[in-house]
>>> print(open('my_file.cif').read())   # mmCIF, C-alpha atoms
data_query
#
loop_
_atom_site.label_atom_id
_atom_site.label_comp_id
_atom_site.auth_asym_id
_atom_site.auth_seq_id
_atom_site.Cartn_x
_atom_site.Cartn_y
_atom_site.Cartn_z
CA MET A 626 -97.94 0.80 -24.80
CA MET A 627 -99.26 3.99 -23.21
CA MET A 628 -102.47 3.73 -25.25
CA GLU A 629 -103.02 0.16 -24.04
CA ILE A 630 -102.55 1.26 -20.42
CA LEU A 631 -105.04 4.08 -20.90
CA GLY A 632 -107.41 1.59 -22.54
CA PHE A 633 -107.13 -0.64 -19.47
CA LEU A 634 -107.90 2.31 -17.17
CA TRP A 635 -110.88 3.37 -19.31
CA GLY A 636 -112.07 -0.23 -19.26
CA ILE A 637 -112.09 -0.06 -15.46
CA VAL A 638 -114.31 3.02 -15.68
CA ILE A 639 -116.68 1.22 -18.07
CA GLY A 640 -116.84 -1.82 -15.80
CA LEU A 641 -117.36 0.29 -12.69
CA VAL A 642 -120.24 2.22 -14.22
CA PHE A 643 -121.92 -0.67 -15.99
CA SER A 644 -121.79 -3.03 -13.01
CA SER A 645 -123.02 -0.27 -10.68
CA VAL A 646 -125.79 1.20 -12.84
CA GLY A 647 -126.41 -1.56 -15.40
CA ALA A 648 -126.45 0.71 -18.44
CA ALA A 649 -124.37 2.52 -21.06
CA GLY A 650 -121.42 0.14 -21.25
CA ALA A 651 -121.27 0.23 -25.07
CA ILE A 652 -121.87 3.99 -25.09
CA LEU A 653 -118.93 4.67 -22.79
CA ALA A 654 -116.85 2.27 -24.86
CA GLY A 655 -117.86 4.15 -28.01
CA PHE A 656 -117.01 7.51 -26.47
CA GLY A 657 -113.60 6.15 -25.55
CA HIS A 658 -112.97 4.67 -28.98
CA ILE A 659 -114.06 7.83 -30.82
CA THR A 660 -112.98 10.72 -28.62
CA LEU A 661 -110.35 9.49 -26.16
CA PHE A 662 -108.42 7.12 -28.41
CA GLY A 663 -109.11 8.61 -31.81
CA PHE A 664 -110.31 5.62 -33.82
CA THR A 665 -111.70 6.86 -37.14
CA ASN A 666 -113.10 3.73 -38.81
CA ALA A 667 -116.81 3.63 -37.94
CA ASN A 668 -117.18 -0.11 -38.57
CA SER A 669 -114.22 -0.91 -36.34
CA ILE A 670 -115.69 1.27 -33.59
CA LYS A 671 -119.06 -0.50 -33.81
CA VAL A 672 -117.67 -4.00 -33.49
CA MET A 673 -115.23 -3.04 -30.72
CA ASN A 674 -118.07 -1.38 -28.79
CA GLN A 675 -120.11 -4.57 -28.97
CA ILE A 676 -117.22 -6.81 -27.97
CA VAL A 677 -116.70 -4.67 -24.86
CA ALA A 678 -120.46 -4.63 -24.20
CA GLY A 679 -120.54 -8.43 -24.45
CA VAL A 680 -118.30 -8.88 -21.42
CA SER A 681 -121.09 -8.06 -18.96
CA PRO A 682 -123.86 -10.39 -20.24
CA PHE A 683 -121.31 -13.16 -20.76
CA VAL A 684 -120.55 -12.97 -17.04
CA SER A 685 -124.02 -12.09 -15.76
CA VAL A 686 -126.22 -14.61 -17.63
CA PRO A 687 -124.90 -17.67 -15.71
CA LYS A 688 -125.39 -15.70 -12.47
CA TYR A 689 -128.99 -14.83 -13.35
CA TRP A 690 -129.59 -18.44 -14.40
CA ARG A 691 -128.43 -19.76 -11.01
CA GLN A 692 -130.77 -17.27 -9.35
CA GLY A 693 -133.69 -18.47 -11.48
CA ARG A 694 -134.11 -15.04 -13.06
CA VAL A 695 -134.14 -16.01 -16.75
CA ILE A 696 -137.28 -16.86 -18.73
CA PHE A 697 -135.50 -18.94 -21.33
CA ILE A 698 -138.50 -19.34 -23.64
CA LEU A 699 -138.94 -15.56 -23.75
CA GLY A 700 -135.23 -14.87 -24.07
CA GLY A 701 -135.06 -17.48 -26.81
CA LEU A 702 -137.85 -15.79 -28.79
CA LEU A 703 -136.19 -12.40 -28.40
CA GLY A 704 -132.89 -13.97 -29.39
CA ALA A 705 -134.41 -15.73 -32.42
CA GLY A 706 -135.70 -12.41 -33.71
CA SER A 707 -132.39 -10.77 -32.91
CA VAL A 708 -130.42 -13.22 -35.05
CA LEU A 709 -132.08 -11.94 -38.21
CA GLY A 710 -132.12 -8.37 -36.89
CA ALA A 711 -128.42 -8.42 -36.05
CA LEU A 712 -127.55 -9.73 -39.50
CA VAL A 713 -129.68 -7.08 -41.20
CA GLY A 714 -128.55 -4.21 -38.97
CA SER A 715 -124.83 -4.98 -39.07
CA THR A 716 -124.85 -5.62 -42.82
CA LEU A 717 -126.67 -2.39 -43.68
CA SER A 718 -124.58 -0.40 -41.22
CA TYR A 719 -121.30 -1.85 -42.52
CA LYS A 720 -122.21 -0.94 -46.11
CA TYR A 721 -123.97 2.40 -45.67
CA LEU A 722 -123.10 3.91 -42.26
CA ILE A 723 -119.39 4.14 -42.90
CA GLY A 724 -118.65 7.85 -42.33
CA LEU A 725 -117.52 8.76 -38.82
CA LYS A 726 -119.42 12.07 -38.88
CA GLU A 727 -122.76 10.42 -39.69
CA TYR A 728 -122.13 7.61 -37.23
CA LYS A 729 -121.27 10.03 -34.41
CA PHE A 730 -124.51 11.95 -34.99
CA LEU A 731 -126.73 8.82 -34.77
CA PHE A 732 -124.67 7.51 -31.85
CA GLY A 733 -125.20 10.85 -30.10
CA LEU A 734 -128.97 10.70 -30.61
CA PHE A 735 -129.08 7.22 -29.13
CA THR A 736 -126.95 8.40 -26.20
CA LEU A 737 -129.42 11.19 -25.44
CA LEU A 738 -132.30 8.70 -25.45
CA VAL A 739 -130.45 6.49 -22.99
CA ALA A 740 -129.81 9.53 -20.78
CA VAL A 741 -133.56 10.23 -20.71
CA LYS A 742 -134.22 6.62 -19.69
CA ILE A 743 -131.63 6.80 -16.91
CA PHE A 744 -133.16 9.98 -15.48
CA TYR A 745 -136.56 8.29 -15.61
CA ASP A 746 -135.19 5.34 -13.65
CA VAL A 747 -133.82 7.66 -10.98
CA PHE A 748 -137.40 8.54 -10.03
CA HIS A 749 -138.91 5.13 -10.73
CA LYS A 750 -139.50 2.79 -7.79
CA GLU A 751 -139.47 -0.50 -9.66
CA LYS A 752 -136.10 -1.48 -8.22
CA GLU A 753 -137.53 -1.34 -4.72
CA LYS A 754 -140.05 -3.96 -5.84
CA VAL A 755 -137.18 -6.08 -7.13
CA ARG A 756 -135.46 -5.89 -3.75
CA ASP A 757 -138.71 -6.84 -2.02
CA LEU A 758 -139.11 -9.85 -4.32
CA ASP A 759 -135.49 -10.80 -3.76
CA GLN A 760 -136.08 -10.89 -0.01
CA LYS A 761 -139.30 -12.89 -0.44
CA ILE A 762 -137.52 -15.46 -2.59
CA LYS A 763 -134.68 -15.78 -0.09
CA GLU A 764 -137.26 -16.67 2.51
CA ASN A 765 -139.08 -19.06 0.14
CA PRO A 766 -136.53 -20.24 -2.45
CA GLU A 767 -138.89 -22.87 -3.84
CA LEU A 768 -141.10 -20.09 -5.27
CA ARG A 769 -138.50 -18.63 -7.58
CA LYS A 770 -138.68 -21.25 -10.33
CA VAL A 771 -140.35 -20.09 -13.54
CA ARG A 772 -142.67 -22.80 -14.85
CA VAL A 773 -144.10 -22.80 -18.37
CA VAL A 774 -147.80 -23.66 -18.04
CA SER A 775 -148.73 -23.86 -21.71
CA ARG A 776 -147.37 -22.89 -25.09
CA SER A 777 -148.98 -22.44 -28.47
CA ILE A 778 -148.57 -20.33 -31.57
CA ARG A 779 -150.93 -17.74 -30.06
CA GLU A 780 -149.99 -17.66 -26.39
CA ILE A 781 -147.31 -18.72 -23.95
CA ARG A 782 -148.24 -18.87 -20.26
CA PHE A 783 -145.82 -19.20 -17.36
CA ALA A 784 -146.14 -19.22 -13.59
CA PHE A 785 -143.97 -17.27 -11.14
CA LEU A 786 -144.50 -16.72 -7.41
CA GLY A 787 -147.92 -18.33 -7.59
CA GLU A 788 -149.19 -16.08 -10.37
CA GLU A 789 -149.61 -16.74 -14.09
CA TYR A 790 -148.46 -14.47 -16.90
CA SER A 791 -148.92 -14.74 -20.65
CA PHE A 792 -147.66 -13.19 -23.87
CA ASN A 793 -148.03 -13.65 -27.61
CA PRO A 794 -144.85 -15.34 -28.95
CA PHE A 795 -144.79 -13.16 -32.06
CA ALA A 796 -144.38 -9.96 -29.99
CA PRO A 797 -140.93 -10.76 -28.53
CA PHE A 798 -139.75 -12.18 -31.85
CA ILE A 799 -140.61 -8.93 -33.65
CA ALA A 800 -139.23 -6.80 -30.80
CA GLY A 801 -136.01 -8.80 -30.81
CA PHE A 802 -135.66 -8.19 -34.53
CA VAL A 803 -136.27 -4.42 -34.31
CA VAL A 804 -134.00 -3.88 -31.31
CA ALA A 805 -131.22 -5.96 -32.87
CA VAL A 806 -131.37 -3.96 -36.10
CA ILE A 807 -130.91 -0.72 -34.16
CA SER A 808 -128.30 -1.96 -31.68
CA SER A 809 -126.17 -3.80 -34.24
CA ALA A 810 -126.29 -0.84 -36.63
CA LEU A 811 -125.05 1.54 -33.92
CA GLY A 812 -122.71 -0.89 -32.17
CA VAL A 813 -124.51 -0.92 -28.82
CA GLY A 814 -126.18 -3.49 -26.56
CA GLY A 815 -129.92 -2.81 -26.76
CA GLY A 816 -131.00 -3.41 -23.16
CA PHE A 817 -132.23 0.19 -23.03
CA LEU A 818 -134.98 -0.83 -25.48
CA LEU A 819 -135.66 -4.40 -24.39
CA VAL A 820 -136.24 -3.72 -20.70
CA PRO A 821 -139.15 -1.25 -21.10
CA PHE A 822 -140.67 -3.51 -23.78
CA MET A 823 -140.75 -6.49 -21.44
CA VAL A 824 -142.00 -4.46 -18.47
CA SER A 825 -144.55 -2.20 -20.17
CA VAL A 826 -145.74 -4.28 -23.14
CA LEU A 827 -145.37 -7.90 -22.02
CA LYS A 828 -145.98 -7.11 -18.31
CA ILE A 829 -143.10 -9.34 -17.19
CA PRO A 830 -142.16 -9.04 -13.47
CA MET A 831 -139.13 -6.76 -13.19
CA TYR A 832 -137.32 -9.38 -11.13
CA LEU A 833 -137.08 -11.59 -14.24
CA VAL A 834 -136.34 -8.86 -16.78
CA PRO A 835 -132.58 -8.16 -16.36
CA GLY A 836 -131.53 -11.81 -16.75
CA THR A 837 -133.88 -12.46 -19.67
CA SER A 838 -132.73 -9.26 -21.36
CA ALA A 839 -129.04 -10.12 -20.85
CA PHE A 840 -129.61 -13.59 -22.34
CA SER A 841 -131.15 -12.20 -25.53
CA ILE A 842 -128.59 -9.38 -25.78
CA LEU A 843 -125.78 -11.92 -25.60
CA ILE A 844 -127.25 -13.68 -28.65
CA THR A 845 -127.53 -10.36 -30.50
CA LEU A 846 -123.95 -9.37 -29.74
CA ILE A 847 -122.50 -12.72 -30.78
CA VAL A 848 -124.30 -12.66 -34.13
CA SER A 849 -123.60 -8.98 -34.78
CA VAL A 850 -119.90 -9.19 -33.93
CA ALA A 851 -119.46 -12.35 -35.99
CA ASN A 852 -121.13 -10.71 -38.99
CA TYR A 853 -119.07 -7.52 -38.72
CA LEU A 854 -115.90 -9.61 -38.63
CA LYS A 855 -117.10 -11.69 -41.58
CA LEU A 856 -117.81 -8.53 -43.56
CA GLY A 857 -114.27 -7.33 -42.90
CA ALA A 858 -114.46 -4.98 -39.92
CA LYS A 859 -111.03 -4.59 -38.35
CA VAL A 860 -110.48 -4.97 -34.61
CA GLU A 861 -107.47 -3.54 -32.80
CA TRP A 862 -107.05 -6.61 -30.63
CA SER A 863 -103.77 -5.45 -29.07
CA PHE A 864 -105.68 -2.49 -27.61
CA LEU A 865 -109.03 -4.18 -27.02
CA ILE A 866 -107.61 -6.98 -24.85
CA PHE A 867 -106.37 -4.41 -22.35
CA GLU A 868 -109.72 -2.60 -22.39
CA ILE A 869 -111.62 -5.85 -21.78
CA ALA A 870 -109.29 -6.68 -18.90
CA GLY A 871 -110.11 -3.29 -17.40
CA VAL A 872 -113.84 -3.92 -17.80
CA ILE A 873 -113.51 -7.20 -15.89
CA VAL A 874 -111.60 -5.51 -13.05
CA GLY A 875 -114.07 -2.63 -12.95
CA SER A 876 -117.02 -5.04 -12.91
CA TYR A 877 -115.75 -6.61 -9.70
CA LEU A 878 -115.19 -3.20 -8.09
CA GLY A 879 -118.52 -1.72 -9.22
CA PRO A 880 -120.69 -3.06 -6.38
CA TYR A 881 -118.33 -1.48 -3.84
CA LEU A 882 -118.59 1.88 -5.64
CA SER A 883 -122.38 1.59 -5.71
CA HIS A 884 -122.43 0.86 -1.98
CA LEU A 885 -120.08 3.77 -1.26
CA LEU A 886 -121.76 6.48 -3.34
CA GLY A 887 -125.27 5.12 -3.75
CA GLU A 888 -126.90 4.02 -7.01
CA ARG A 889 -129.05 7.14 -7.28
CA LYS A 890 -126.05 9.49 -7.32
CA LEU A 891 -124.25 7.27 -9.81
CA ARG A 892 -127.27 7.26 -12.14
CA ILE A 893 -127.56 11.03 -12.02
CA ALA A 894 -123.83 11.43 -12.72
CA LEU A 895 -124.02 8.94 -15.60
CA GLY A 896 -127.12 10.64 -17.03
CA LEU A 897 -125.37 14.03 -17.02
CA THR A 898 -122.31 12.48 -18.64
CA LEU A 899 -124.42 10.94 -21.39
CA VAL A 900 -126.18 14.25 -22.02
CA PHE A 901 -122.77 15.86 -22.47
CA ILE A 902 -121.64 13.11 -24.87
CA GLY A 903 -124.89 13.16 -26.81
CA LEU A 904 -124.96 16.93 -27.24
CA ASN A 905 -121.29 16.96 -28.18
CA TYR A 906 -121.91 14.43 -30.97
CA THR A 907 -125.16 15.91 -32.30
CA LEU A 908 -124.59 19.67 -32.16
#
>>> encode(input="my_file.cif", output="structure tokens")
Amino acid sequence: MMMEILGFLWGIVIGLVFSSVGAAGAILAGFGHITLFGFTNANSIKVMNQIVAGVSPFVSVPKYWRQGRVIFILGGLLGAGSVLGALVGSTLSYKYLIGLKEYKFLFGLFTLLVAVKIFYDVFHKEKEKVRDLDQKIKENPELRKVRVVSRSIREIRFAFLGEEYSFNPFAPFIAGFVVAVISSALGVGGGFLLVPFMVSVLKIPMYLVPGTSAFSILITLIVSVANYLKLGAKVEWSFLIFEIAGVIVGSYLGPYLSHLLGERKLRIALGLTLVFIGLNYTL
């Protein structure tokens, strides 16, 4: 029972961090499963990581939808690509990435990449633009609705806040596939890769990116977890239920922690923690 209690407490930590910073939920779950709780089956660790990571988008997607912050046609294209990618990634990983040593090394590399992205975000001002847009939409709520202007096999156009944006539908499908292969193979979420793709490549307004990303990630996680279970990956449900409960509690407390300490300090602390984890697993 002591392990379940510790799992609940670690789940609170995961929920606190993820709801405050919006990153690294699956990585912290993986660190707990590997190092703190001593699970040795790589395939079990992967699927348990993704189940824990799925708690946040499952809760957040309806919230983003009510706020009008999901581009469903874009999320659907990312999700469509991710269905095939999740099946490919989880199947190959289940069959060939079965040693804990090899898995820890690749997991550590991914963790270091996420740490780099978090440090970049610390100095990036995009979130201030999101807050400005949020205030503008509160003052003019009728402007927040995303409206698809046209759709074809070559281009999809949508309007938001009086401006039009466009993207090629094949780009998100391919990106969804690639990201899902990587995330399902490593047992992580994939938002770290999807967010910069949508912002830098598709030029999607940052205000709409988190909800759209969470929607597509939820599809990826559902398919990947289902396939791992179908292939025979074992889940320690008696432990995982307590950890998930902790994540839920921590997710409600996270905004208070962010307000108390400030998001910038939390991001720096998380980035340093991820560097430590990544170096520990790769060196």
>>> residues_around(input="my_file.cif", residues="Arg772 of chain A", least_positions_apart="2", cutoff="12 Å", atoms="only C-alpha atoms", output="PyMOL selection string")
chain A and resi 693-698+767-770+774-776+781-791
>>> write_last_selection(input="my_file.cif", atoms="C-alpha atoms", output="mmCIF file, in the frame of the given file")
data_model
loop_
_atom_site.group_PDB
_atom_site.id
_atom_site.type_symbol
_atom_site.label_atom_id
_atom_site.label_comp_id
_atom_site.auth_asym_id
_atom_site.auth_seq_id
_atom_site.Cartn_x
_atom_site.Cartn_y
_atom_site.Cartn_z
ATOM 1 C CA GLY A 693 -133.690 -18.470 -11.480
ATOM 2 C CA ARG A 694 -134.110 -15.040 -13.060
ATOM 3 C CA VAL A 695 -134.140 -16.010 -16.750
ATOM 4 C CA ILE A 696 -137.280 -16.860 -18.730
ATOM 5 C CA PHE A 697 -135.500 -18.940 -21.330
ATOM 6 C CA ILE A 698 -138.500 -19.340 -23.640
ATOM 7 C CA GLU A 767 -138.890 -22.870 -3.840
ATOM 8 C CA LEU A 768 -141.100 -20.090 -5.270
ATOM 9 C CA ARG A 769 -138.500 -18.630 -7.580
ATOM 10 C CA LYS A 770 -138.680 -21.250 -10.330
ATOM 11 C CA VAL A 774 -147.800 -23.660 -18.040
ATOM 12 C CA SER A 775 -148.730 -23.860 -21.710
ATOM 13 C CA ARG A 776 -147.370 -22.890 -25.090
ATOM 14 C CA ILE A 781 -147.310 -18.720 -23.950
ATOM 15 C CA ARG A 782 -148.240 -18.870 -20.260
ATOM 16 C CA PHE A 783 -145.820 -19.200 -17.360
ATOM 17 C CA ALA A 784 -146.140 -19.220 -13.590
ATOM 18 C CA PHE A 785 -143.970 -17.270 -11.140
ATOM 19 C CA LEU A 786 -144.500 -16.720 -7.410
ATOM 20 C CA GLY A 787 -147.920 -18.330 -7.590
ATOM 21 C CA GLU A 788 -149.190 -16.080 -10.370
ATOM 22 C CA GLU A 789 -149.610 -16.740 -14.090
ATOM 23 C CA TYR A 790 -148.460 -14.470 -16.900
ATOM 24 C CA SER A 791 -148.920 -14.740 -20.650
#
>>> resolve_selection(input="my_file.cif", expression="the PyMOL selection byres ((chain A and resi 680-689) around 6)", output="PyMOL selection string")
chain A and resi 677-679+690-692+694+836+839-840+843
>>> write_last_selection(input="my_file.cif", atoms="C-alpha atoms", output="compact mmCIF listing (two decimals), in the coordinates of the input")
# COMPACT_ATOMS: atom_id res chain seq x y z
CA VAL A 677 -116.70 -4.67 -24.86
CA ALA A 678 -120.46 -4.63 -24.20
CA GLY A 679 -120.54 -8.43 -24.45
CA TRP A 690 -129.59 -18.44 -14.40
CA ARG A 691 -128.43 -19.76 -11.01
CA GLN A 692 -130.77 -17.27 -9.35
CA ARG A 694 -134.11 -15.04 -13.06
CA GLY A 836 -131.53 -11.81 -16.75
CA ALA A 839 -129.04 -10.12 -20.85
CA PHE A 840 -129.61 -13.59 -22.34
CA LEU A 843 -125.78 -11.92 -25.60
>>> closest_residue(input="my_file.cif", among="A:Leu856, A:Leu737, A:Ile842, A:Val872", to="Val820 of chain A", atoms="only C-alpha atoms")
A:Ile842
>>> resolve_selection(input="my_file.cif", expression="the PyMOL selection byres ((chain A and resi 714) around 7)", output="PyMOL selection string")
chain A and resi 710-713+715-718+805-807+809-810
>>> closest_atom_pairs(input="my_file.cif", of="segment 754-859 of chain A", to="segment 728-733 of chain A", cutoff="9 Å", atoms="all atoms listed in the file", output="tab-separated table")
residue	atom	partner	partner_atom	distance
A:Leu811	CA	A:Phe732	CA	6.3
A:Gly812	CA	A:Phe732	CA	8.6
A:Val813	CA	A:Phe732	CA	9.0
>>> write_last_selection(input="my_file.cif", atoms="C-alpha atoms", output="compact mmCIF listing (two decimals), in the coordinates of the input")
# COMPACT_ATOMS: atom_id res chain seq x y z
CA LEU A 811 -125.05 1.54 -33.92
CA GLY A 812 -122.71 -0.89 -32.17
CA VAL A 813 -124.51 -0.92 -28.82
>>> closest_residue(input="my_file.cif", among="A:Pro835, A:Ala796, A:Met823, A:Asn668", to="Lys855 of chain A", atoms="all atoms listed in the file")
A:Asn668
